[in-house]
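upload-v8.pdb follows; it contains PDB, C-alpha atoms, pLDDT in the B column.
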ATOM      1  CA  MET D   1     113.380 111.789 223.299  1.00 43.00           C
ATOM      2  CA  LYS D   2     113.354 111.010 219.585  1.00 41.00           C
ATOM      3  CA  SER D   3     109.625 111.802 219.361  1.00 41.00           C
ATOM      4  CA  VAL D   4     110.133 115.112 221.197  1.00 36.00           C
ATOM      5  CA  LEU D   5     112.844 116.136 218.739  1.00 34.00           C
ATOM      6  CA  LEU D   6     110.650 115.184 215.782  1.00 34.00           C
ATOM      7  CA  THR D   7     107.746 117.177 217.231  1.00 34.00           C
ATOM      8  CA  VAL D   8     109.937 120.243 217.808  1.00 33.00           C
ATOM      9  CA  ALA D   9     111.374 119.941 214.284  1.00 36.00           C
ATOM     10  CA  ALA D  10     107.893 119.652 212.787  1.00 37.00           C
ATOM     11  CA  LEU D  11     106.708 122.719 214.690  1.00 35.00           C
ATOM     12  CA  MET D  12     109.732 124.732 213.570  1.00 36.00           C
ATOM     13  CA  ILE D  13     109.091 123.836 209.934  1.00 37.00           C
ATOM     14  CA  ALA D  14     105.322 124.418 210.103  1.00 40.00           C
ATOM     15  CA  ALA D  15     105.492 127.685 212.061  1.00 40.00           C
ATOM     16  CA  PRO D  16     106.424 129.910 209.094  1.00 41.00           C
ATOM     17  CA  LEU D  17     103.791 128.402 206.777  1.00 37.00           C
ATOM     18  CA  PRO D  18     100.795 130.453 208.001  1.00 39.00           C
ATOM     19  CA  ALA D  19     102.859 133.628 207.731  1.00 38.00           C
ATOM     20  CA  LEU D  20     103.803 132.719 204.149  1.00 34.00           C
ATOM     21  CA  ALA D  21     100.186 131.984 203.262  1.00 36.00           C
ATOM     22  CA  GLN D  22      99.065 135.317 204.702  1.00 36.00           C
ATOM     23  CA  SER D  23     101.707 137.313 202.833  1.00 33.00           C
ATOM     24  CA  ALA D  24     100.812 135.603 199.542  1.00 35.00           C
ATOM     25  CA  ALA D  25      97.142 136.561 199.826  1.00 36.00           C
ATOM     26  CA  PRO D  26      96.223 139.793 198.034  1.00 45.00           C
ATOM     27  CA  ALA D  27      95.670 142.770 200.295  1.00 47.00           C
ATOM     28  CA  THR D  28      92.153 144.159 200.084  1.00 54.00           C
ATOM     29  CA  ALA D  29      91.418 147.791 200.712  1.00 67.00           C
ATOM     30  CA  GLU D  30      88.779 148.889 203.174  1.00 86.00           C
ATOM     31  CA  PRO D  31      85.359 149.237 201.523  1.00 91.00           C
ATOM     32  CA  VAL D  32      84.464 152.722 200.292  1.00 94.00           C
ATOM     33  CA  GLY D  33      81.073 153.914 201.514  1.00 96.00           C
ATOM     34  CA  VAL D  34      79.147 156.187 199.163  1.00 97.00           C
ATOM     35  CA  THR D  35      75.947 158.073 200.056  1.00 97.00           C
ATOM     36  CA  LEU D  36      73.656 158.755 197.104  1.00 98.00           C
ATOM     37  CA  ARG D  37      71.594 161.946 197.130  1.00 97.00           C
ATOM     38  CA  SER D  38      68.999 163.486 194.859  1.00 97.00           C
ATOM     39  CA  PRO D  39      69.587 167.006 193.456  1.00 96.00           C
ATOM     40  CA  ASP D  40      67.646 168.486 196.405  1.00 96.00           C
ATOM     41  CA  GLY D  41      70.019 166.771 198.873  1.00 96.00           C
ATOM     42  CA  THR D  42      67.696 163.961 199.988  1.00 96.00           C
ATOM     43  CA  SER D  43      69.683 160.883 200.985  1.00 97.00           C
ATOM     44  CA  HIS D  44      68.767 157.674 199.174  1.00 97.00           C
ATOM     45  CA  GLY D  45      71.054 155.330 201.078  1.00 97.00           C
ATOM     46  CA  THR D  46      74.507 153.910 200.610  1.00 97.00           C
ATOM     47  CA  ILE D  47      76.622 151.774 198.355  1.00 97.00           C
ATOM     48  CA  ARG D  48      79.691 149.997 199.698  1.00 97.00           C
ATOM     49  CA  ILE D  49      82.426 149.352 197.148  1.00 97.00           C
ATOM     50  CA  THR D  50      84.923 146.640 198.011  1.00 97.00           C
ATOM     51  CA  GLU D  51      87.969 145.868 195.902  1.00 96.00           C
ATOM     52  CA  THR D  52      88.621 142.204 195.181  1.00 95.00           C
ATOM     53  CA  PRO D  53      91.517 140.635 193.264  1.00 94.00           C
ATOM     54  CA  ASN D  54      89.235 140.616 190.174  1.00 95.00           C
ATOM     55  CA  GLY D  55      87.423 143.970 190.264  1.00 96.00           C
ATOM     56  CA  VAL D  56      85.036 145.739 192.639  1.00 97.00           C
ATOM     57  CA  LEU D  57      81.960 144.429 194.419  1.00 97.00           C
ATOM     58  CA  LEU D  58      79.136 146.903 195.049  1.00 97.00           C
ATOM     59  CA  ASP D  59      76.601 146.343 197.839  1.00 97.00           C
ATOM     60  CA  GLY D  60      73.677 148.722 197.518  1.00 97.00           C
ATOM     61  CA  ASP D  61      70.964 149.609 199.984  1.00 97.00           C
ATOM     62  CA  LEU D  62      68.894 152.433 198.485  1.00 97.00           C
ATOM     63  CA  THR D  63      65.509 153.798 199.541  1.00 97.00           C
ATOM     64  CA  GLY D  64      63.043 156.518 198.626  1.00 96.00           C
ATOM     65  CA  LEU D  65      63.125 155.914 194.870  1.00 95.00           C
ATOM     66  CA  ALA D  66      60.028 155.283 192.749  1.00 95.00           C
ATOM     67  CA  ASP D  67      59.483 151.665 191.762  1.00 97.00           C
ATOM     68  CA  GLY D  68      61.046 150.730 188.451  1.00 97.00           C
ATOM     69  CA  GLU D  69      64.239 149.892 186.585  1.00 97.00           C
ATOM     70  CA  TYR D  70      67.109 152.381 186.473  1.00 97.00           C
ATOM     71  CA  GLY D  71      70.457 152.814 184.749  1.00 96.00           C
ATOM     72  CA  PHE D  72      73.438 152.626 187.079  1.00 97.00           C
ATOM     73  CA  HIS D  73      76.954 153.793 186.172  1.00 97.00           C
ATOM     74  CA  PHE D  74      80.282 155.069 187.401  1.00 97.00           C
ATOM     75  CA  HIS D  75      80.825 158.640 186.145  1.00 97.00           C
ATOM     76  CA  GLU D  76      84.101 160.309 185.239  1.00 96.00           C
ATOM     77  CA  LYS D  77      84.309 163.037 187.895  1.00 97.00           C
ATOM     78  CA  GLY D  78      83.986 162.980 191.660  1.00 97.00           C
ATOM     79  CA  LEU D  79      81.458 165.836 191.787  1.00 97.00           C
ATOM     80  CA  CYS D  80      77.708 165.691 192.453  1.00 97.00           C
ATOM     81  CA  GLU D  81      76.537 169.293 192.219  1.00 96.00           C
ATOM     82  CA  GLY D  82      73.327 170.857 190.871  1.00 95.00           C
ATOM     83  CA  ASN D  83      71.613 168.526 188.399  1.00 95.00           C
ATOM     84  CA  PHE D  84      74.747 166.314 188.469  1.00 97.00           C
ATOM     85  CA  ASP D  85      76.127 167.419 185.094  1.00 96.00           C
ATOM     86  CA  SER D  86      79.237 168.141 187.191  1.00 97.00           C
ATOM     87  CA  ALA D  87      79.878 164.369 187.277  1.00 97.00           C
ATOM     88  CA  GLY D  88      80.660 164.371 183.549  1.00 96.00           C
ATOM     89  CA  GLY D  89      80.059 161.365 181.322  1.00 95.00           C
ATOM     90  CA  HIS D  90      80.485 157.730 182.133  1.00 95.00           C
ATOM     91  CA  HIS D  91      83.843 156.611 183.563  1.00 96.00           C
ATOM     92  CA  ASN D  92      85.673 155.503 180.421  1.00 94.00           C
ATOM     93  CA  PRO D  93      89.465 155.983 180.553  1.00 95.00           C
ATOM     94  CA  THR D  94      89.911 153.026 178.183  1.00 94.00           C
ATOM     95  CA  GLY D  95      87.920 154.664 175.346  1.00 93.00           C
ATOM     96  CA  LYS D  96      85.534 151.711 174.877  1.00 95.00           C
ATOM     97  CA  LYS D  97      82.017 151.992 173.500  1.00 93.00           C
ATOM     98  CA  HIS D  98      79.013 151.993 175.809  1.00 92.00           C
ATOM     99  CA  GLY D  99      76.986 148.888 176.451  1.00 92.00           C
ATOM    100  CA  PHE D 100      77.152 145.201 177.178  1.00 94.00           C
ATOM    101  CA  GLU D 101      75.459 144.512 173.818  1.00 94.00           C
ATOM    102  CA  THR D 102      77.881 146.636 171.762  1.00 92.00           C
ATOM    103  CA  GLU D 103      80.923 145.377 169.907  1.00 93.00           C
ATOM    104  CA  GLY D 104      83.871 147.334 171.272  1.00 92.00           C
ATOM    105  CA  GLY D 105      82.178 147.659 174.661  1.00 89.00           C
ATOM    106  CA  PRO D 106      81.426 147.781 177.455  1.00 95.00           C
ATOM    107  CA  HIS D 107      83.300 150.652 178.990  1.00 93.00           C
ATOM    108  CA  PRO D 108      84.415 150.551 182.647  1.00 95.00           C
ATOM    109  CA  GLY D 109      81.531 152.710 183.897  1.00 95.00           C
ATOM    110  CA  ASP D 110      78.885 150.318 182.576  1.00 96.00           C
ATOM    111  CA  MET D 111      76.938 148.286 185.107  1.00 97.00           C
ATOM    112  CA  ALA D 112      73.677 146.358 185.112  1.00 97.00           C
ATOM    113  CA  ASN D 113      70.421 148.190 185.779  1.00 97.00           C
ATOM    114  CA  ILE D 114      69.052 148.259 189.303  1.00 97.00           C
ATOM    115  CA  TYR D 115      65.458 147.530 190.297  1.00 97.00           C
ATOM    116  CA  VAL D 116      63.372 149.327 192.906  1.00 97.00           C
ATOM    117  CA  LYS D 117      60.353 147.667 194.482  1.00 97.00           C
ATOM    118  CA  ASP D 118      58.296 149.201 197.280  1.00 97.00           C
ATOM    119  CA  GLY D 119      60.760 152.118 197.274  1.00 96.00           C
ATOM    120  CA  VAL D 120      63.767 149.894 198.056  1.00 97.00           C
ATOM    121  CA  ALA D 121      66.707 148.638 195.982  1.00 97.00           C
ATOM    122  CA  ARG D 122      68.988 146.128 197.675  1.00 97.00           C
ATOM    123  CA  PHE D 123      71.534 144.683 195.309  1.00 97.00           C
ATOM    124  CA  GLN D 124      74.997 143.359 194.761  1.00 97.00           C
ATOM    125  CA  GLN D 125      76.885 143.961 191.527  1.00 97.00           C
ATOM    126  CA  PHE D 126      80.361 143.102 190.382  1.00 97.00           C
ATOM    127  CA  ASN D 127      82.408 145.257 188.006  1.00 97.00           C
ATOM    128  CA  PRO D 128      85.583 143.503 186.768  1.00 97.00           C
ATOM    129  CA  MET D 129      86.678 146.518 184.683  1.00 96.00           C
ATOM    130  CA  VAL D 130      87.641 148.866 187.524  1.00 97.00           C
ATOM    131  CA  ARG D 131      89.790 148.907 190.652  1.00 96.00           C
ATOM    132  CA  LEU D 132      89.850 151.438 193.464  1.00 95.00           C
ATOM    133  CA  ALA D 133      93.294 152.868 192.682  1.00 94.00           C
ATOM    134  CA  SER D 134      95.105 150.690 190.128  1.00 93.00           C
ATOM    135  CA  GLY D 135      94.737 149.152 186.683  1.00 93.00           C
ATOM    136  CA  GLU D 136      93.538 150.672 183.417  1.00 94.00           C
ATOM    137  CA  ALA D 137      90.411 152.243 184.915  1.00 95.00           C
ATOM    138  CA  PRO D 138      91.033 153.255 188.555  1.00 95.00           C
ATOM    139  CA  LEU D 139      88.183 154.999 190.339  1.00 96.00           C
ATOM    140  CA  ASN D 140      90.595 157.114 192.386  1.00 95.00           C
ATOM    141  CA  ASP D 141      92.150 158.916 189.422  1.00 95.00           C
ATOM    142  CA  ALA D 142      93.085 162.570 188.790  1.00 94.00           C
ATOM    143  CA  ASP D 143      89.489 163.840 188.766  1.00 95.00           C
ATOM    144  CA  GLY D 144      87.853 161.304 191.102  1.00 96.00           C
ATOM    145  CA  THR D 145      84.746 159.284 190.313  1.00 97.00           C
ATOM    146  CA  SER D 146      81.057 159.312 191.168  1.00 98.00           C
ATOM    147  CA  ILE D 147      78.273 156.764 190.938  1.00 98.00           C
ATOM    148  CA  MET D 148      74.915 157.614 189.371  1.00 97.00           C
ATOM    149  CA  VAL D 149      71.356 156.313 189.280  1.00 97.00           C
ATOM    150  CA  HIS D 150      69.625 157.449 186.081  1.00 97.00           C
ATOM    151  CA  GLY D 151      65.897 157.995 185.576  1.00 95.00           C
ATOM    152  CA  SER D 152      65.416 155.275 182.947  1.00 95.00           C
ATOM    153  CA  PRO D 153      66.859 151.820 182.340  1.00 96.00           C
ATOM    154  CA  ASP D 154      70.057 151.515 180.313  1.00 95.00           C
ATOM    155  CA  ASP D 155      69.344 149.816 176.973  1.00 91.00           C
ATOM    156  CA  HIS D 156      72.943 148.493 176.922  1.00 94.00           C
ATOM    157  CA  HIS D 157      73.669 149.633 173.349  1.00 92.00           C
ATOM    158  CA  SER D 158      72.793 153.294 172.606  1.00 90.00           C
ATOM    159  CA  GLN D 159      75.797 155.623 172.444  1.00 91.00           C
ATOM    160  CA  PRO D 160      77.204 157.236 174.490  1.00 85.00           C
ATOM    161  CA  SER D 161      75.131 156.459 177.588  1.00 81.00           C
ATOM    162  CA  GLY D 162      72.529 153.761 176.947  1.00 82.00           C
ATOM    163  CA  ASN D 163      69.624 156.211 176.720  1.00 88.00           C
ATOM    164  CA  ALA D 164      69.424 155.989 180.522  1.00 92.00           C
ATOM    165  CA  GLY D 165      67.768 159.349 181.022  1.00 90.00           C
ATOM    166  CA  ALA D 166      68.083 162.071 183.645  1.00 94.00           C
ATOM    167  CA  ARG D 167      70.468 161.877 186.574  1.00 96.00           C
ATOM    168  CA  MET D 168      68.357 161.278 189.667  1.00 95.00           C
ATOM    169  CA  ALA D 169      70.809 160.236 192.425  1.00 97.00           C
ATOM    170  CA  CYS D 170      74.562 160.743 192.680  1.00 98.00           C
ATOM    171  CA  GLY D 171      77.284 159.886 195.142  1.00 98.00           C
ATOM    172  CA  VAL D 172      80.992 160.766 195.203  1.00 97.00           C
ATOM    173  CA  VAL D 173      83.199 157.669 195.300  1.00 97.00           C
ATOM    174  CA  PHE D 174      86.469 159.654 195.234  1.00 96.00           C
ATOM    175  CA  ALA D 175      86.275 163.459 195.258  1.00 95.00           C
ATOM    176  CA  ALA D 176      87.739 165.562 192.494  1.00 88.00           C
ATOM    177  CA  PRO D 177      90.712 167.573 193.785  1.00 84.00           C
TER     178      PRO D 177
END
Take the structure in the file and give it back as structure tokens.
Amino acid sequence: MKSVLLTVAALMIAAPLPALAQSAAPATAEPVGVTLRSPDGTSHGTIRITETPNGVLLDGDLTGLADGEYGFHFHEKGLCEGNFDSAGGHHNPTGKKHGFETEGGPHPGDMANIYVKDGVARFQQFNPMVRLASGEAPLNDADGTSIMVHGSPDDHHSQPSGNAGARMACGVVFAAP
């Protein structure tokens, strides 16, 4: 009988522990899927953006781009119209300078270049400077956010945009109202 009571007592104490562990874990939002298109509307694949406790993780699967190295940034507006000037400049609500190699930088829209081989870019990148809807540089802000592939590689120091060239593929992360 004594062992039965000890077992029951142990189960009663242990039962709430998994619930406590689950409630202490940070809630993660559902990934945001973004389709990138060229100015003529051709789809170039998708990027999935997943919020983590430390920033956002981007999983890219792009196709139909010429082989090479390309600049890759979050842009300040959730619009991808015409030649993509509608997307505005790089996402920079913190007012930092552009580039990983610049003192006073990088700004939240900066990300590493992507590489295309045989028409395909499959990549994973992490951006610790942004969150989906919170923090100093949320992507879901008053004017939304887009993601852009530029026609040249980012040099990681030229102001204001790394000399990354023309806007060749754009996708709306969060639409402008």
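Using the PyMOL selection byres ((chain D and resi 86-99) around 6) on this structure selects Phe74, His75, Glu76, Lys77, Leu79, Cys80, Glu81, Phe84, Asp85, Phe100, Glu101, Thr102, Gly104, Gly105, Pro106, His107, Pro108, Gly109, Ala137, His156, His157, Gln159 and Pro160 of chain D.
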**Message:** Using all atoms listed in the file, which protein or nucleic acid residues come within 10 Å of Asp118 in chain D? Drop anything in the same chain fewer than 6 positions from it, and give the result as a ChimeraX atom specification.
**Reply:** /D:63-68
Counting all atoms listed in the file, which residues of range 108-164 of chain D fall within 9 Å of range 34-57 of chain D, and what is the closest atom pair for each with its distance in Å at one decimal, ordered by chain and rising number, as CSV?
residue,atom,partner,partner_atom,distance
D:Gln124,CA,D:Leu57,CA,7.1
D:Gln125,CA,D:Leu57,CA,5.9
D:Phe126,CA,D:Leu57,CA,4.5
D:Asn127,CA,D:Val56,CA,5.3
D:Pro128,CA,D:Gly55,CA,4.0
D:Met129,CA,D:Gly55,CA,6.2
D:Val130,CA,D:Gly55,CA,5.6
D:Arg131,CA,D:Gly55,CA,5.5
D:Leu132,CA,D:Glu51,CA,6.4
D:Ser146,CA,D:Val34,CA,8.8
D:Ile147,CA,D:Leu36,CA,8.0
D:Met148,CA,D:Leu36,CA,7.9
D:Val149,CA,D:Leu36,CA,8.5
**Prompt:** Rounded to one decimal in Å, what is the spacing between CA of Val173 in chain D and CA of Gly78 in chain D?
**Reply:** 6.5 Å
**Request:** Please measure the separation of CA of Val116 in chain D and CA of Leu62 in chain D, giving the value in Å to one decimal.
**Result:** 8.4 Å
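Taking CA of Gly135 in chain D as the reference point, CA of Gly162 in chain D is found at 24.7 Å.
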**Request:** Can you turn the PyMOL selection byres ((chain D and resi 140) around 9) into a concrete residue list for this file, as a PyMOL selection string?
**Result:** chain D and resi 78+131-134+137-139+141-145+173-176
**Request:** Starting from the displayed file, determine the output of the PyMOL selection byres ((chain D and resi 163) around 10) and express the residue list as a VMD selection string.
**Result:** chain D and resid 71 150 to 162 164 to 166
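Counting only C-alpha atoms and comparing D:Gly33, D:Val172, D:Glu69, D:Glu136, the residue that lies closest to Ala112 in chain D is D:Glu69.
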With N, CA and C atoms as the target, complete range 131-164 of chain D and hand it back as a PDB file, keeping the file's coordinate frame.
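The new file selection.pdb reads:
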ATOM      1  N   ARG D 131      89.181 149.146 189.346  1.00 96.00           N
ATOM      2  CA  ARG D 131      89.790 148.907 190.652  1.00 96.00           C
ATOM      3  C   ARG D 131      89.701 150.225 191.397  1.00 96.00           C
ATOM      4  N   LEU D 132      89.917 150.193 192.700  1.00 95.00           N
ATOM      5  CA  LEU D 132      89.850 151.438 193.464  1.00 95.00           C
ATOM      6  C   LEU D 132      90.945 152.403 193.046  1.00 95.00           C
ATOM      7  N   ALA D 133      92.195 151.929 192.943  1.00 94.00           N
ATOM      8  CA  ALA D 133      93.294 152.868 192.682  1.00 94.00           C
ATOM      9  C   ALA D 133      94.342 152.336 191.710  1.00 94.00           C
ATOM     10  N   SER D 134      94.098 151.234 191.028  1.00 93.00           N
ATOM     11  CA  SER D 134      95.105 150.690 190.128  1.00 93.00           C
ATOM     12  C   SER D 134      94.451 150.221 188.831  1.00 93.00           C
ATOM     13  N   GLY D 135      95.248 149.692 187.931  1.00 93.00           N
ATOM     14  CA  GLY D 135      94.737 149.152 186.683  1.00 93.00           C
ATOM     15  C   GLY D 135      94.476 150.214 185.633  1.00 93.00           C
ATOM     16  N   GLU D 136      93.822 149.783 184.552  1.00 94.00           N
ATOM     17  CA  GLU D 136      93.538 150.672 183.417  1.00 94.00           C
ATOM     18  C   GLU D 136      92.438 151.686 183.701  1.00 94.00           C
ATOM     19  N   ALA D 137      91.562 151.374 184.662  1.00 95.00           N
ATOM     20  CA  ALA D 137      90.411 152.243 184.915  1.00 95.00           C
ATOM     21  C   ALA D 137      90.202 152.455 186.419  1.00 95.00           C
ATOM     22  N   PRO D 138      91.194 153.045 187.112  1.00 95.00           N
ATOM     23  CA  PRO D 138      91.033 153.255 188.555  1.00 95.00           C
ATOM     24  C   PRO D 138      89.945 154.281 188.854  1.00 95.00           C
ATOM     25  N   LEU D 139      89.206 154.036 189.921  1.00 96.00           N
ATOM     26  CA  LEU D 139      88.183 154.999 190.339  1.00 96.00           C
ATOM     27  C   LEU D 139      88.802 156.206 191.015  1.00 96.00           C
ATOM     28  N   ASN D 140      89.913 156.014 191.709  1.00 95.00           N
ATOM     29  CA  ASN D 140      90.595 157.114 192.386  1.00 95.00           C
ATOM     30  C   ASN D 140      91.669 157.663 191.451  1.00 95.00           C
ATOM     31  N   ASP D 141      91.222 158.335 190.396  1.00 95.00           N
ATOM     32  CA  ASP D 141      92.150 158.916 189.422  1.00 95.00           C
ATOM     33  C   ASP D 141      92.237 160.425 189.613  1.00 95.00           C
ATOM     34  N   ALA D 142      92.806 161.133 188.653  1.00 94.00           N
ATOM     35  CA  ALA D 142      93.085 162.570 188.790  1.00 94.00           C
ATOM     36  C   ALA D 142      91.857 163.428 189.055  1.00 94.00           C
ATOM     37  N   ASP D 143      90.685 163.029 188.546  1.00 95.00           N
ATOM     38  CA  ASP D 143      89.489 163.840 188.766  1.00 95.00           C
ATOM     39  C   ASP D 143      88.421 163.117 189.581  1.00 95.00           C
ATOM     40  N   GLY D 144      88.790 162.027 190.254  1.00 96.00           N
ATOM     41  CA  GLY D 144      87.853 161.304 191.102  1.00 96.00           C
ATOM     42  C   GLY D 144      86.813 160.563 190.290  1.00 96.00           C
ATOM     43  N   THR D 145      85.813 160.045 190.963  1.00 97.00           N
ATOM     44  CA  THR D 145      84.746 159.284 190.313  1.00 97.00           C
ATOM     45  C   THR D 145      83.480 159.400 191.151  1.00 97.00           C
ATOM     46  N   SER D 146      82.344 159.349 190.473  1.00 98.00           N
ATOM     47  CA  SER D 146      81.057 159.312 191.168  1.00 98.00           C
ATOM     48  C   SER D 146      80.276 158.100 190.678  1.00 98.00           C
ATOM     49  N   ILE D 147      79.169 157.840 191.352  1.00 98.00           N
ATOM     50  CA  ILE D 147      78.273 156.764 190.938  1.00 98.00           C
ATOM     51  C   ILE D 147      76.887 157.377 190.780  1.00 98.00           C
ATOM     52  N   MET D 148      76.155 156.951 189.745  1.00 97.00           N
ATOM     53  CA  MET D 148      74.915 157.614 189.371  1.00 97.00           C
ATOM     54  C   MET D 148      73.785 156.621 189.156  1.00 97.00           C
ATOM     55  N   VAL D 149      72.591 157.001 189.645  1.00 97.00           N
ATOM     56  CA  VAL D 149      71.356 156.313 189.280  1.00 97.00           C
ATOM     57  C   VAL D 149      70.648 157.233 188.299  1.00 97.00           C
ATOM     58  N   HIS D 150      70.313 156.688 187.127  1.00 97.00           N
ATOM     59  CA  HIS D 150      69.625 157.449 186.081  1.00 97.00           C
ATOM     60  C   HIS D 150      68.118 157.207 186.156  1.00 97.00           C
ATOM     61  N   GLY D 151      67.353 158.054 185.506  1.00 95.00           N
ATOM     62  CA  GLY D 151      65.897 157.995 185.576  1.00 95.00           C
ATOM     63  C   GLY D 151      65.230 156.955 184.715  1.00 95.00           C
ATOM     64  N   SER D 152      65.961 156.309 183.832  1.00 95.00           N
ATOM     65  CA  SER D 152      65.416 155.275 182.947  1.00 95.00           C
ATOM     66  C   SER D 152      66.389 154.105 182.906  1.00 95.00           C
ATOM     67  N   PRO D 153      65.929 152.944 182.459  1.00 96.00           N
ATOM     68  CA  PRO D 153      66.859 151.820 182.340  1.00 96.00           C
ATOM     69  C   PRO D 153      67.849 152.033 181.206  1.00 96.00           C
ATOM     70  N   ASP D 154      69.039 151.517 181.360  1.00 95.00           N
ATOM     71  CA  ASP D 154      70.057 151.515 180.313  1.00 95.00           C
ATOM     72  C   ASP D 154      69.657 150.452 179.291  1.00 95.00           C
ATOM     73  N   ASP D 155      69.686 150.804 178.001  1.00 91.00           N
ATOM     74  CA  ASP D 155      69.344 149.816 176.973  1.00 91.00           C
ATOM     75  C   ASP D 155      70.543 148.968 176.551  1.00 91.00           C
ATOM     76  N   HIS D 156      71.694 149.244 177.110  1.00 94.00           N
ATOM     77  CA  HIS D 156      72.943 148.493 176.922  1.00 94.00           C
ATOM     78  C   HIS D 156      73.512 148.539 175.505  1.00 94.00           C
ATOM     79  N   HIS D 157      73.049 149.510 174.672  1.00 92.00           N
ATOM     80  CA  HIS D 157      73.669 149.633 173.349  1.00 92.00           C
ATOM     81  C   HIS D 157      73.708 151.058 172.795  1.00 92.00           C
ATOM     82  N   SER D 158      72.782 151.933 173.141  1.00 90.00           N
ATOM     83  CA  SER D 158      72.793 153.294 172.606  1.00 90.00           C
ATOM     84  C   SER D 158      74.043 154.034 173.061  1.00 90.00           C
ATOM     85  N   GLN D 159      74.584 154.862 172.157  1.00 91.00           N
ATOM     86  CA  GLN D 159      75.797 155.623 172.444  1.00 91.00           C
ATOM     87  C   GLN D 159      75.427 157.071 172.762  1.00 91.00           C
ATOM     88  N   PRO D 160      76.082 157.717 173.691  1.00 85.00           N
ATOM     89  CA  PRO D 160      77.204 157.236 174.490  1.00 85.00           C
ATOM     90  C   PRO D 160      76.817 156.729 175.870  1.00 85.00           C
ATOM     91  N   SER D 161      75.483 156.731 176.194  1.00 81.00           N
ATOM     92  CA  SER D 161      75.131 156.459 177.588  1.00 81.00           C
ATOM     93  C   SER D 161      73.961 155.510 177.784  1.00 81.00           C
ATOM     94  N   GLY D 162      73.579 154.753 176.770  1.00 82.00           N
ATOM     95  CA  GLY D 162      72.529 153.761 176.947  1.00 82.00           C
ATOM     96  C   GLY D 162      71.128 154.307 177.057  1.00 82.00           C
ATOM     97  N   ASN D 163      70.946 155.607 176.677  1.00 88.00           N
ATOM     98  CA  ASN D 163      69.624 156.211 176.720  1.00 88.00           C
ATOM     99  C   ASN D 163      69.002 156.082 178.114  1.00 88.00           C
ATOM    100  N   ALA D 164      69.846 156.230 179.140  1.00 92.00           N
ATOM    101  CA  ALA D 164      69.424 155.989 180.522  1.00 92.00           C
ATOM    102  C   ALA D 164      68.704 157.159 181.180  1.00 92.00           C
TER     103      ALA D 164
END
